[in-house]
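Shown here: start.csv, CSV, N, CA, C and O atoms.
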chain,number,residue,atom,x,y,z
A,27,MET,N,25.9,-68.2,6.1
A,27,MET,CA,24.5,-67.8,5.6
A,27,MET,C,24.4,-66.3,5.8
A,27,MET,O,24.7,-65.8,6.9
A,28,LYS,N,23.9,-65.7,4.8
A,28,LYS,CA,23.8,-64.2,4.8
A,28,LYS,C,22.6,-63.7,4.0
A,28,LYS,O,22.4,-64.2,2.8
A,29,ILE,N,21.8,-62.9,4.6
A,29,ILE,CA,20.7,-62.3,3.8
A,29,ILE,C,21.3,-61.2,3.0
A,29,ILE,O,21.9,-60.2,3.5
A,30,LEU,N,21.1,-61.3,1.6
A,30,LEU,CA,21.6,-60.3,0.7
A,30,LEU,C,20.7,-59.0,0.6
A,30,LEU,O,21.2,-57.9,0.6
A,31,SER,N,19.4,-59.3,0.6
A,31,SER,CA,18.4,-58.2,0.6
A,31,SER,C,17.1,-58.8,1.1
A,31,SER,O,16.9,-60.0,0.9
A,32,ILE,N,16.3,-58.0,1.6
A,32,ILE,CA,15.0,-58.4,2.1
A,32,ILE,C,14.0,-57.3,1.8
A,32,ILE,O,14.2,-56.1,1.9
A,33,ARG,N,12.8,-57.8,1.4
A,33,ARG,CA,11.7,-56.8,1.0
A,33,ARG,C,10.4,-57.2,1.7
A,33,ARG,O,9.7,-58.1,1.4
A,34,PRO,N,10.1,-56.4,2.8
A,34,PRO,CA,8.9,-56.7,3.5
A,34,PRO,C,7.7,-56.5,2.7
A,34,PRO,O,7.7,-55.7,1.7
A,35,GLU,N,6.6,-57.3,3.0
A,35,GLU,CA,5.4,-57.3,2.2
A,35,GLU,C,4.3,-56.7,3.2
A,35,GLU,O,4.4,-56.9,4.4
A,36,PRO,N,3.3,-56.1,2.6
A,36,PRO,CA,2.2,-55.6,3.4
A,36,PRO,C,1.5,-56.7,4.2
A,36,PRO,O,1.5,-57.9,3.7
A,37,PRO,N,0.9,-56.4,5.3
A,37,PRO,CA,0.1,-57.4,6.1
A,37,PRO,C,-1.0,-58.1,5.3
A,37,PRO,O,-1.6,-57.4,4.4
A,38,GLY,N,-1.2,-59.4,5.6
A,38,GLY,CA,-2.2,-60.1,4.9
A,38,GLY,C,-3.2,-60.8,5.9
A,38,GLY,O,-3.1,-60.5,7.1
A,39,ILE,N,-3.9,-61.7,5.4
A,39,ILE,CA,-4.9,-62.5,6.3
A,39,ILE,C,-4.5,-63.9,6.2
A,39,ILE,O,-4.1,-64.5,5.2
A,40,GLY,N,-4.7,-64.6,7.4
A,40,GLY,CA,-4.4,-66.1,7.4
A,40,GLY,C,-2.9,-66.3,7.3
A,40,GLY,O,-2.1,-65.6,8.0
A,41,CYS,N,-2.5,-67.3,6.5
A,41,CYS,CA,-1.1,-67.6,6.3
A,41,CYS,C,-0.6,-66.4,5.4
A,41,CYS,O,-0.9,-66.4,4.2
A,42,ARG,N,0.2,-65.6,6.0
A,42,ARG,CA,0.6,-64.4,5.2
A,42,ARG,C,2.1,-64.4,4.9
A,42,ARG,O,2.9,-64.9,5.6
A,43,THR,N,2.4,-63.7,3.8
A,43,THR,CA,3.8,-63.5,3.4
A,43,THR,C,4.3,-62.3,4.1
A,43,THR,O,3.7,-61.2,4.0
A,44,LEU,N,5.4,-62.5,4.9
A,44,LEU,CA,6.0,-61.4,5.6
A,44,LEU,C,7.0,-60.6,4.8
A,44,LEU,O,7.1,-59.4,4.8
A,45,ALA,N,7.8,-61.4,4.0
A,45,ALA,CA,8.8,-60.8,3.2
A,45,ALA,C,9.3,-61.7,2.1
A,45,ALA,O,9.1,-62.9,2.1
A,46,ARG,N,10.0,-61.1,1.1
A,46,ARG,CA,10.7,-61.9,0.1
A,46,ARG,C,12.1,-61.5,0.2
A,46,ARG,O,12.4,-60.3,0.5
A,47,PHE,N,13.1,-62.4,0.0
A,47,PHE,CA,14.5,-62.1,0.3
A,47,PHE,C,15.4,-62.9,-0.6
A,47,PHE,O,15.0,-64.0,-1.1
A,48,ASP,N,16.6,-62.5,-0.6
A,48,ASP,CA,17.7,-63.2,-1.4
A,48,ASP,C,18.7,-63.6,-0.3
A,48,ASP,O,19.0,-62.9,0.6
A,49,LEU,N,19.3,-64.8,-0.5
A,49,LEU,CA,20.1,-65.4,0.5
A,49,LEU,C,21.4,-66.0,-0.1
A,49,LEU,O,21.3,-66.6,-1.2
A,50,GLN,N,22.5,-65.7,0.5
A,50,GLN,CA,23.7,-66.5,0.2
A,50,GLN,C,23.8,-67.6,1.2
A,50,GLN,O,24.1,-67.3,2.4
A,51,LEU,N,23.6,-68.8,0.8
A,51,LEU,CA,23.5,-69.9,1.7
A,51,LEU,C,24.9,-70.3,2.2
A,51,LEU,O,25.2,-70.4,3.4
A,52,VAL,N,25.8,-70.5,1.2
A,52,VAL,CA,27.3,-70.7,1.5
A,52,VAL,C,28.0,-69.9,0.4
A,52,VAL,O,27.4,-69.5,-0.6
A,53,ASP,N,29.3,-69.8,0.5
A,53,ASP,CA,30.1,-69.2,-0.6
A,53,ASP,C,29.8,-69.9,-1.9
A,53,ASP,O,29.9,-71.1,-2.0
A,54,GLY,N,29.4,-69.1,-2.9
A,54,GLY,CA,29.1,-69.6,-4.2
A,54,GLY,C,27.7,-70.1,-4.4
A,54,GLY,O,27.4,-70.5,-5.6
A,55,VAL,N,26.9,-70.1,-3.4
A,55,VAL,CA,25.5,-70.5,-3.6
A,55,VAL,C,24.5,-69.4,-3.1
A,55,VAL,O,24.5,-69.1,-1.9
A,56,ARG,N,23.8,-68.8,-4.1
A,56,ARG,CA,22.8,-67.8,-3.8
A,56,ARG,C,21.5,-68.2,-4.2
A,56,ARG,O,21.3,-68.8,-5.3
A,57,LEU,N,20.5,-67.9,-3.4
A,57,LEU,CA,19.1,-68.2,-3.7
A,57,LEU,C,18.3,-66.9,-3.7
A,57,LEU,O,18.5,-66.1,-2.8
A,58,TYR,N,17.5,-66.7,-4.7
A,58,TYR,CA,16.8,-65.4,-4.9
A,58,TYR,C,15.3,-65.6,-4.8
A,58,TYR,O,14.7,-66.7,-5.1
A,59,ASN,N,14.6,-64.6,-4.3
A,59,ASN,CA,13.2,-64.5,-4.2
A,59,ASN,C,12.6,-65.6,-3.3
A,59,ASN,O,11.5,-66.1,-3.6
A,60,LEU,N,13.2,-65.9,-2.2
A,60,LEU,CA,12.6,-66.8,-1.2
A,60,LEU,C,11.5,-66.1,-0.5
A,60,LEU,O,11.5,-64.8,-0.4
A,61,LYS,N,10.6,-66.8,0.1
A,61,LYS,CA,9.4,-66.2,0.7
A,61,LYS,C,9.3,-66.6,2.2
A,61,LYS,O,9.4,-67.8,2.5
A,62,LEU,N,9.2,-65.7,3.1
A,62,LEU,CA,9.0,-65.9,4.5
A,62,LEU,C,7.5,-65.7,4.8
A,62,LEU,O,7.0,-64.7,4.6
A,63,THR,N,6.9,-66.8,5.3
A,63,THR,CA,5.5,-66.7,5.7
A,63,THR,C,5.3,-67.0,7.2
A,63,THR,O,6.2,-67.5,7.9
A,64,GLU,N,4.1,-66.6,7.7
A,64,GLU,CA,3.7,-66.8,9.0
A,64,GLU,C,2.3,-67.2,9.1
A,64,GLU,O,1.4,-66.6,8.5
A,65,LYS,N,2.1,-68.3,9.8
A,65,LYS,CA,0.7,-68.8,10.1
A,65,LYS,C,0.1,-68.0,11.2
A,65,LYS,O,0.8,-67.4,12.0
A,66,PRO,N,-1.2,-68.1,11.4
A,66,PRO,CA,-1.9,-67.3,12.5
A,66,PRO,C,-1.3,-67.7,13.9
A,66,PRO,O,-1.3,-66.8,14.7
A,67,GLY,N,-0.9,-68.9,14.1
A,67,GLY,CA,-0.3,-69.2,15.4
A,67,GLY,C,1.1,-68.7,15.6
A,67,GLY,O,1.7,-68.9,16.7
A,68,GLY,N,1.7,-68.1,14.6
A,68,GLY,CA,3.1,-67.5,14.8
A,68,GLY,C,4.2,-68.4,14.2
A,68,GLY,O,5.3,-67.9,14.1
A,69,HIS,N,3.9,-69.6,13.7
A,69,HIS,CA,4.9,-70.5,13.1
A,69,HIS,C,5.3,-69.9,11.7
A,69,HIS,O,4.5,-69.5,10.9
A,70,ARG,N,6.6,-69.8,11.5
A,70,ARG,CA,7.1,-69.2,10.3
A,70,ARG,C,7.8,-70.3,9.5
A,70,ARG,O,8.3,-71.3,10.0
A,71,ARG,N,7.7,-70.1,8.1
A,71,ARG,CA,8.3,-71.1,7.2
A,71,ARG,C,8.9,-70.3,6.1
A,71,ARG,O,8.6,-69.1,5.8
A,72,VAL,N,9.8,-70.9,5.4
A,72,VAL,CA,10.5,-70.4,4.2
A,72,VAL,C,10.2,-71.2,3.0
A,72,VAL,O,10.1,-72.5,3.1
A,73,PHE,N,10.0,-70.6,1.9
A,73,PHE,CA,9.7,-71.3,0.6
A,73,PHE,C,10.5,-70.8,-0.5
A,73,PHE,O,10.7,-69.5,-0.6
A,74,ALA,N,11.1,-71.7,-1.3
A,74,ALA,CA,11.8,-71.3,-2.5
A,74,ALA,C,10.8,-71.0,-3.6
A,74,ALA,O,9.7,-71.6,-3.5
A,75,PRO,N,11.1,-70.2,-4.6
A,75,PRO,CA,10.2,-70.1,-5.7
A,75,PRO,C,10.0,-71.4,-6.4
A,75,PRO,O,10.8,-72.3,-6.3
A,76,SER,N,8.9,-71.4,-7.2
A,76,SER,CA,8.7,-72.7,-8.0
A,76,SER,C,9.1,-72.5,-9.4
A,76,SER,O,9.2,-71.3,-9.9
A,77,ALA,N,9.4,-73.6,-10.1
A,77,ALA,CA,9.7,-73.6,-11.5
A,77,ALA,C,9.0,-74.8,-12.1
A,77,ALA,O,9.1,-75.9,-11.6
A,78,PHE,N,8.3,-74.5,-13.2
A,78,PHE,CA,7.5,-75.6,-13.9
A,78,PHE,C,6.6,-76.4,-12.9
A,78,PHE,O,6.5,-77.6,-13.0
A,79,GLY,N,6.0,-75.7,-11.9
A,79,GLY,CA,5.1,-76.3,-11.0
A,79,GLY,C,5.6,-77.0,-9.8
A,79,GLY,O,4.9,-77.6,-9.1
A,80,SER,N,6.9,-77.0,-9.7
A,80,SER,CA,7.6,-77.7,-8.5
A,80,SER,C,8.5,-76.7,-7.8
A,80,SER,O,9.0,-75.7,-8.4
A,81,ALA,N,8.8,-77.0,-6.6
A,81,ALA,CA,9.8,-76.2,-5.8
A,81,ALA,C,11.1,-76.2,-6.5
A,81,ALA,O,11.6,-77.2,-6.9
A,82,ALA,N,11.7,-75.0,-6.6
A,82,ALA,CA,13.1,-74.9,-7.2
A,82,ALA,C,14.2,-75.4,-6.3
A,82,ALA,O,15.2,-75.7,-6.7
A,83,ALA,N,13.8,-75.4,-5.0
A,83,ALA,CA,14.8,-75.8,-3.9
A,83,ALA,C,14.0,-76.3,-2.7
A,83,ALA,O,12.9,-75.8,-2.5
A,84,THR,N,14.5,-77.2,-1.9
A,84,THR,CA,13.9,-77.5,-0.6
A,84,THR,C,15.0,-77.5,0.4
A,84,THR,O,16.2,-77.5,0.1
A,85,PHE,N,14.6,-77.5,1.7
A,85,PHE,CA,15.6,-77.4,2.8
A,85,PHE,C,15.2,-78.4,3.8
A,85,PHE,O,14.1,-78.7,4.1
A,86,THR,N,16.3,-78.9,4.5
A,86,THR,CA,16.0,-79.7,5.7
A,86,THR,C,15.4,-78.9,6.8
A,86,THR,O,15.5,-77.6,6.7
A,87,THR,N,14.8,-79.5,7.7
A,87,THR,CA,14.2,-78.7,8.8
A,87,THR,C,15.2,-77.8,9.5
A,87,THR,O,14.9,-76.6,9.8
A,88,GLU,N,16.4,-78.3,9.8
A,88,GLU,CA,17.4,-77.5,10.5
A,88,GLU,C,17.8,-76.3,9.7
A,88,GLU,O,18.0,-75.2,10.2
A,89,ILE,N,18.1,-76.5,8.4
A,89,ILE,CA,18.5,-75.4,7.5
A,89,ILE,C,17.3,-74.4,7.4
A,89,ILE,O,17.5,-73.2,7.4
A,90,ALA,N,16.1,-74.9,7.2
A,90,ALA,CA,14.9,-74.0,7.1
A,90,ALA,C,14.8,-73.1,8.4
A,90,ALA,O,14.5,-71.9,8.3
A,91,GLU,N,15.0,-73.7,9.5
A,91,GLU,CA,14.9,-72.9,10.8
A,91,GLU,C,16.0,-71.9,10.8
A,91,GLU,O,15.7,-70.7,11.3
A,92,GLN,N,17.2,-72.2,10.4
A,92,GLN,CA,18.3,-71.2,10.3
A,92,GLN,C,17.9,-70.0,9.4
A,92,GLN,O,18.2,-68.9,9.7
A,93,ILE,N,17.4,-70.4,8.2
A,93,ILE,CA,17.0,-69.4,7.2
A,93,ILE,C,15.9,-68.5,7.8
A,93,ILE,O,16.0,-67.3,7.7
A,94,VAL,N,14.9,-69.1,8.5
A,94,VAL,CA,13.8,-68.3,9.1
A,94,VAL,C,14.4,-67.3,10.1
A,94,VAL,O,14.0,-66.1,10.1
A,95,ARG,N,15.3,-67.8,10.9
A,95,ARG,CA,15.9,-66.9,12.0
A,95,ARG,C,16.7,-65.8,11.3
A,95,ARG,O,16.6,-64.6,11.7
A,96,ALA,N,17.4,-66.1,10.3
A,96,ALA,CA,18.2,-65.1,9.6
A,96,ALA,C,17.3,-64.0,8.9
A,96,ALA,O,17.6,-62.8,9.0
A,97,ALA,N,16.2,-64.5,8.3
A,97,ALA,CA,15.3,-63.5,7.6
A,97,ALA,C,14.6,-62.7,8.7
A,97,ALA,O,14.4,-61.5,8.5
A,98,SER,N,14.2,-63.3,9.8
A,98,SER,CA,13.5,-62.6,10.8
A,98,SER,C,14.4,-61.5,11.4
A,98,SER,O,14.0,-60.4,11.7
A,99,ASP,N,15.7,-61.9,11.6
A,99,ASP,CA,16.6,-60.9,12.2
A,99,ASP,C,16.8,-59.8,11.2
A,99,ASP,O,17.0,-58.6,11.6
A,100,ALA,N,16.9,-60.1,9.9
A,100,ALA,CA,17.1,-59.1,8.9
A,100,ALA,C,15.9,-58.1,8.8
A,100,ALA,O,16.0,-56.9,8.4
A,101,LEU,N,14.7,-58.6,9.2
A,101,LEU,CA,13.5,-57.7,9.3
A,101,LEU,C,13.6,-56.8,10.6
A,101,LEU,O,12.8,-55.9,10.7
A,102,GLY,N,14.6,-57.0,11.4
A,102,GLY,CA,14.8,-56.2,12.6
A,102,GLY,C,14.1,-56.7,13.8
A,102,GLY,O,13.9,-56.0,14.8
A,103,GLU,N,13.7,-58.0,13.8
A,103,GLU,CA,12.9,-58.6,14.9
A,103,GLU,C,13.9,-59.4,15.8
A,103,GLU,O,14.8,-60.0,15.3
A,104,LYS,N,13.6,-59.3,17.1
A,104,LYS,CA,14.3,-60.1,18.0
A,104,LYS,C,13.5,-61.3,18.4
A,104,LYS,O,12.3,-61.3,18.3
A,105,PRO,N,14.1,-62.5,18.7
A,105,PRO,CA,13.4,-63.7,18.9
A,105,PRO,C,12.2,-63.6,19.9
A,105,PRO,O,11.2,-64.1,19.7
A,106,HIS,N,12.5,-62.8,21.0
A,106,HIS,CA,11.4,-62.7,22.0
A,106,HIS,C,10.2,-61.8,21.6
A,106,HIS,O,9.2,-61.9,22.2
A,107,GLU,N,10.4,-61.1,20.4
A,107,GLU,CA,9.3,-60.3,19.9
A,107,GLU,C,8.3,-61.2,19.1
A,107,GLU,O,7.2,-60.7,18.8
A,108,ARG,N,8.7,-62.4,18.7
A,108,ARG,CA,7.9,-63.2,17.9
A,108,ARG,C,7.1,-64.2,18.8
A,108,ARG,O,7.5,-64.6,19.8
A,109,THR,N,5.9,-64.6,18.2
A,109,THR,CA,5.1,-65.5,18.9
A,109,THR,C,5.7,-66.9,18.7
A,109,THR,O,6.0,-67.3,17.6
A,110,ALA,N,5.8,-67.7,19.8
A,110,ALA,CA,6.4,-69.1,19.7
A,110,ALA,C,5.3,-70.0,19.0
A,110,ALA,O,4.1,-69.8,19.2
A,111,ALA,N,5.8,-70.9,18.2
A,111,ALA,CA,4.9,-71.8,17.5
A,111,ALA,C,4.4,-72.9,18.5
A,111,ALA,O,5.0,-73.2,19.4
Written form, structure tokens:
Amino acid sequence: MKILSIRPEPPGIGCRTLARFDLQLVDGVRLYNLKLTEKPGGHRRVFAPSAFGSAAATFTTEIAEQIVRAASDALGEKPHERTAA
């Protein structure tokens, strides 16, 4: 798993978007314009873009957690700097 590029977004209110990013999940599989969000309590989630009103991709809990960690690391954050959920 590798973050290909990451684009931080300006601070928001409530459930906010921290960044949008492109990810190489495994060799030969790339996902573009994923969204990293954070709720007020510090819990982070990743969302794939939608197509025709539905998610273009979904992730198991384990894969989603790995993606969140990779994106957070790409933003230059260390795990102890983040608020635990």
Practice prompt. Looking only at helix (DSSP H, G or I) from DSSP on the backbone, list the matching residues of chain A as a PyMOL selection string.
Written response: chain A and resi 87-100+105-107
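Among A:Ala77, A:Leu62, A:Ala97, A:Ile29, the residue with the shortest atom-to-atom distance to A:Arg42, counting all atoms listed in the file, is A:Leu62.
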Discussion item. Among stretch 27-103 of chain A, which ones does DSSP assign to strand (DSSP E or B) (computed from the backbone)? Answer as a ChimeraX atom specification.
Written reply: /A:28-34,42-52,55-64,70-73,76-77,80-81
Item to complete: Just give me the gap between atom CA of A:Arg70 and atom CA of A:Val94 in Å, one decimal is fine.
Response: 6.9 Å
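One finds atom O of A:Phe78 at 17.7 Å from atom C of A:Leu60.
Shortest atom-to-atom contact with A:Ser98 among A:Arg46, A:Leu57, A:Ala81, A:Ala74: A:Arg46, counting only C-alpha atoms.
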Worksheet item: Between atom CA of A:Pro75 and atom CA of A:Tyr58, what is the distance, to one decimal in Å?
Response: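 Atom CA of A:Tyr58 lies 8.1 Å from atom CA of A:Pro75.
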Near-A:Phe47 list (7 Å; only C-alpha atoms; drop same-chain fewer than 5 positions) as an mmCIF file with N, CA, C and O atoms, in the frame of the given file:
data_model
loop_
_atom_site.group_PDB
_atom_site.id
_atom_site.type_symbol
_atom_site.label_atom_id
_atom_site.label_comp_id
_atom_site.auth_asym_id
_atom_site.auth_seq_id
_atom_site.Cartn_x
_atom_site.Cartn_y
_atom_site.Cartn_z
ATOM 1 N N SER A 31 19.400 -59.300 0.600
ATOM 2 C CA SER A 31 18.400 -58.200 0.600
ATOM 3 C C SER A 31 17.100 -58.800 1.100
ATOM 4 O O SER A 31 16.900 -60.000 0.900
ATOM 5 N N ILE A 32 16.300 -58.000 1.600
ATOM 6 C CA ILE A 32 15.000 -58.400 2.100
ATOM 7 C C ILE A 32 14.000 -57.300 1.800
ATOM 8 O O ILE A 32 14.200 -56.100 1.900
ATOM 9 N N ARG A 33 12.800 -57.800 1.400
ATOM 10 C CA ARG A 33 11.700 -56.800 1.000
ATOM 11 C C ARG A 33 10.400 -57.200 1.700
ATOM 12 O O ARG A 33 9.700 -58.100 1.400
ATOM 13 N N TYR A 58 17.500 -66.700 -4.700
ATOM 14 C CA TYR A 58 16.800 -65.400 -4.900
ATOM 15 C C TYR A 58 15.300 -65.600 -4.800
ATOM 16 O O TYR A 58 14.700 -66.700 -5.100
ATOM 17 N N ASN A 59 14.600 -64.600 -4.300
ATOM 18 C CA ASN A 59 13.200 -64.500 -4.200
ATOM 19 C C ASN A 59 12.600 -65.600 -3.300
ATOM 20 O O ASN A 59 11.500 -66.100 -3.600
ATOM 21 N N LEU A 60 13.200 -65.900 -2.200
ATOM 22 C CA LEU A 60 12.600 -66.800 -1.200
ATOM 23 C C LEU A 60 11.500 -66.100 -0.500
ATOM 24 O O LEU A 60 11.500 -64.800 -0.400
ATOM 25 N N LYS A 61 10.600 -66.800 0.100
ATOM 26 C CA LYS A 61 9.400 -66.200 0.700
ATOM 27 C C LYS A 61 9.300 -66.600 2.200
ATOM 28 O O LYS A 61 9.400 -67.800 2.500
#
Worksheet entry | Contacts of A:Thr43 at 5 Å (only N, CA, C and O atoms; same-chain gap of 5+ positions) as a ChimeraX atom specification | /A:35-36,62-63
Could you write out that same residue set with N, CA, C and O atoms as an mmCIF file, in the frame of the given file?
data_model
loop_
_atom_site.group_PDB
_atom_site.id
_atom_site.type_symbol
_atom_site.label_atom_id
_atom_site.label_comp_id
_atom_site.auth_asym_id
_atom_site.auth_seq_id
_atom_site.Cartn_x
_atom_site.Cartn_y
_atom_site.Cartn_z
ATOM 1 N N GLU A 35 6.600 -57.300 3.000
ATOM 2 C CA GLU A 35 5.400 -57.300 2.200
ATOM 3 C C GLU A 35 4.300 -56.700 3.200
ATOM 4 O O GLU A 35 4.400 -56.900 4.400
ATOM 5 N N PRO A 36 3.300 -56.100 2.600
ATOM 6 C CA PRO A 36 2.200 -55.600 3.400
ATOM 7 C C PRO A 36 1.500 -56.700 4.200
ATOM 8 O O PRO A 36 1.500 -57.900 3.700
ATOM 9 N N LEU A 62 9.200 -65.700 3.100
ATOM 10 C CA LEU A 62 9.000 -65.900 4.500
ATOM 11 C C LEU A 62 7.500 -65.700 4.800
ATOM 12 O O LEU A 62 7.000 -64.700 4.600
ATOM 13 N N THR A 63 6.900 -66.800 5.300
ATOM 14 C CA THR A 63 5.500 -66.700 5.700
ATOM 15 C C THR A 63 5.300 -67.000 7.200
ATOM 16 O O THR A 63 6.200 -67.500 7.900
#
Practice prompt. Kindly indicate which residue among A:Lys28, A:Phe73, A:Gly68, A:Glu103 lies nearest to A:Ala45, using only N, CA, C and O atoms for the distances.
Written response: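 When distances to A:Ala45 are compared using only N, CA, C and O atoms, the smallest one comes from A:Phe73.
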Discussion item. Counting only C-alpha atoms, which residue out of A:Pro37, A:Ala83, A:Arg71, A:Val55 sits closest to A:Ala96?
Written reply: A:Arg71
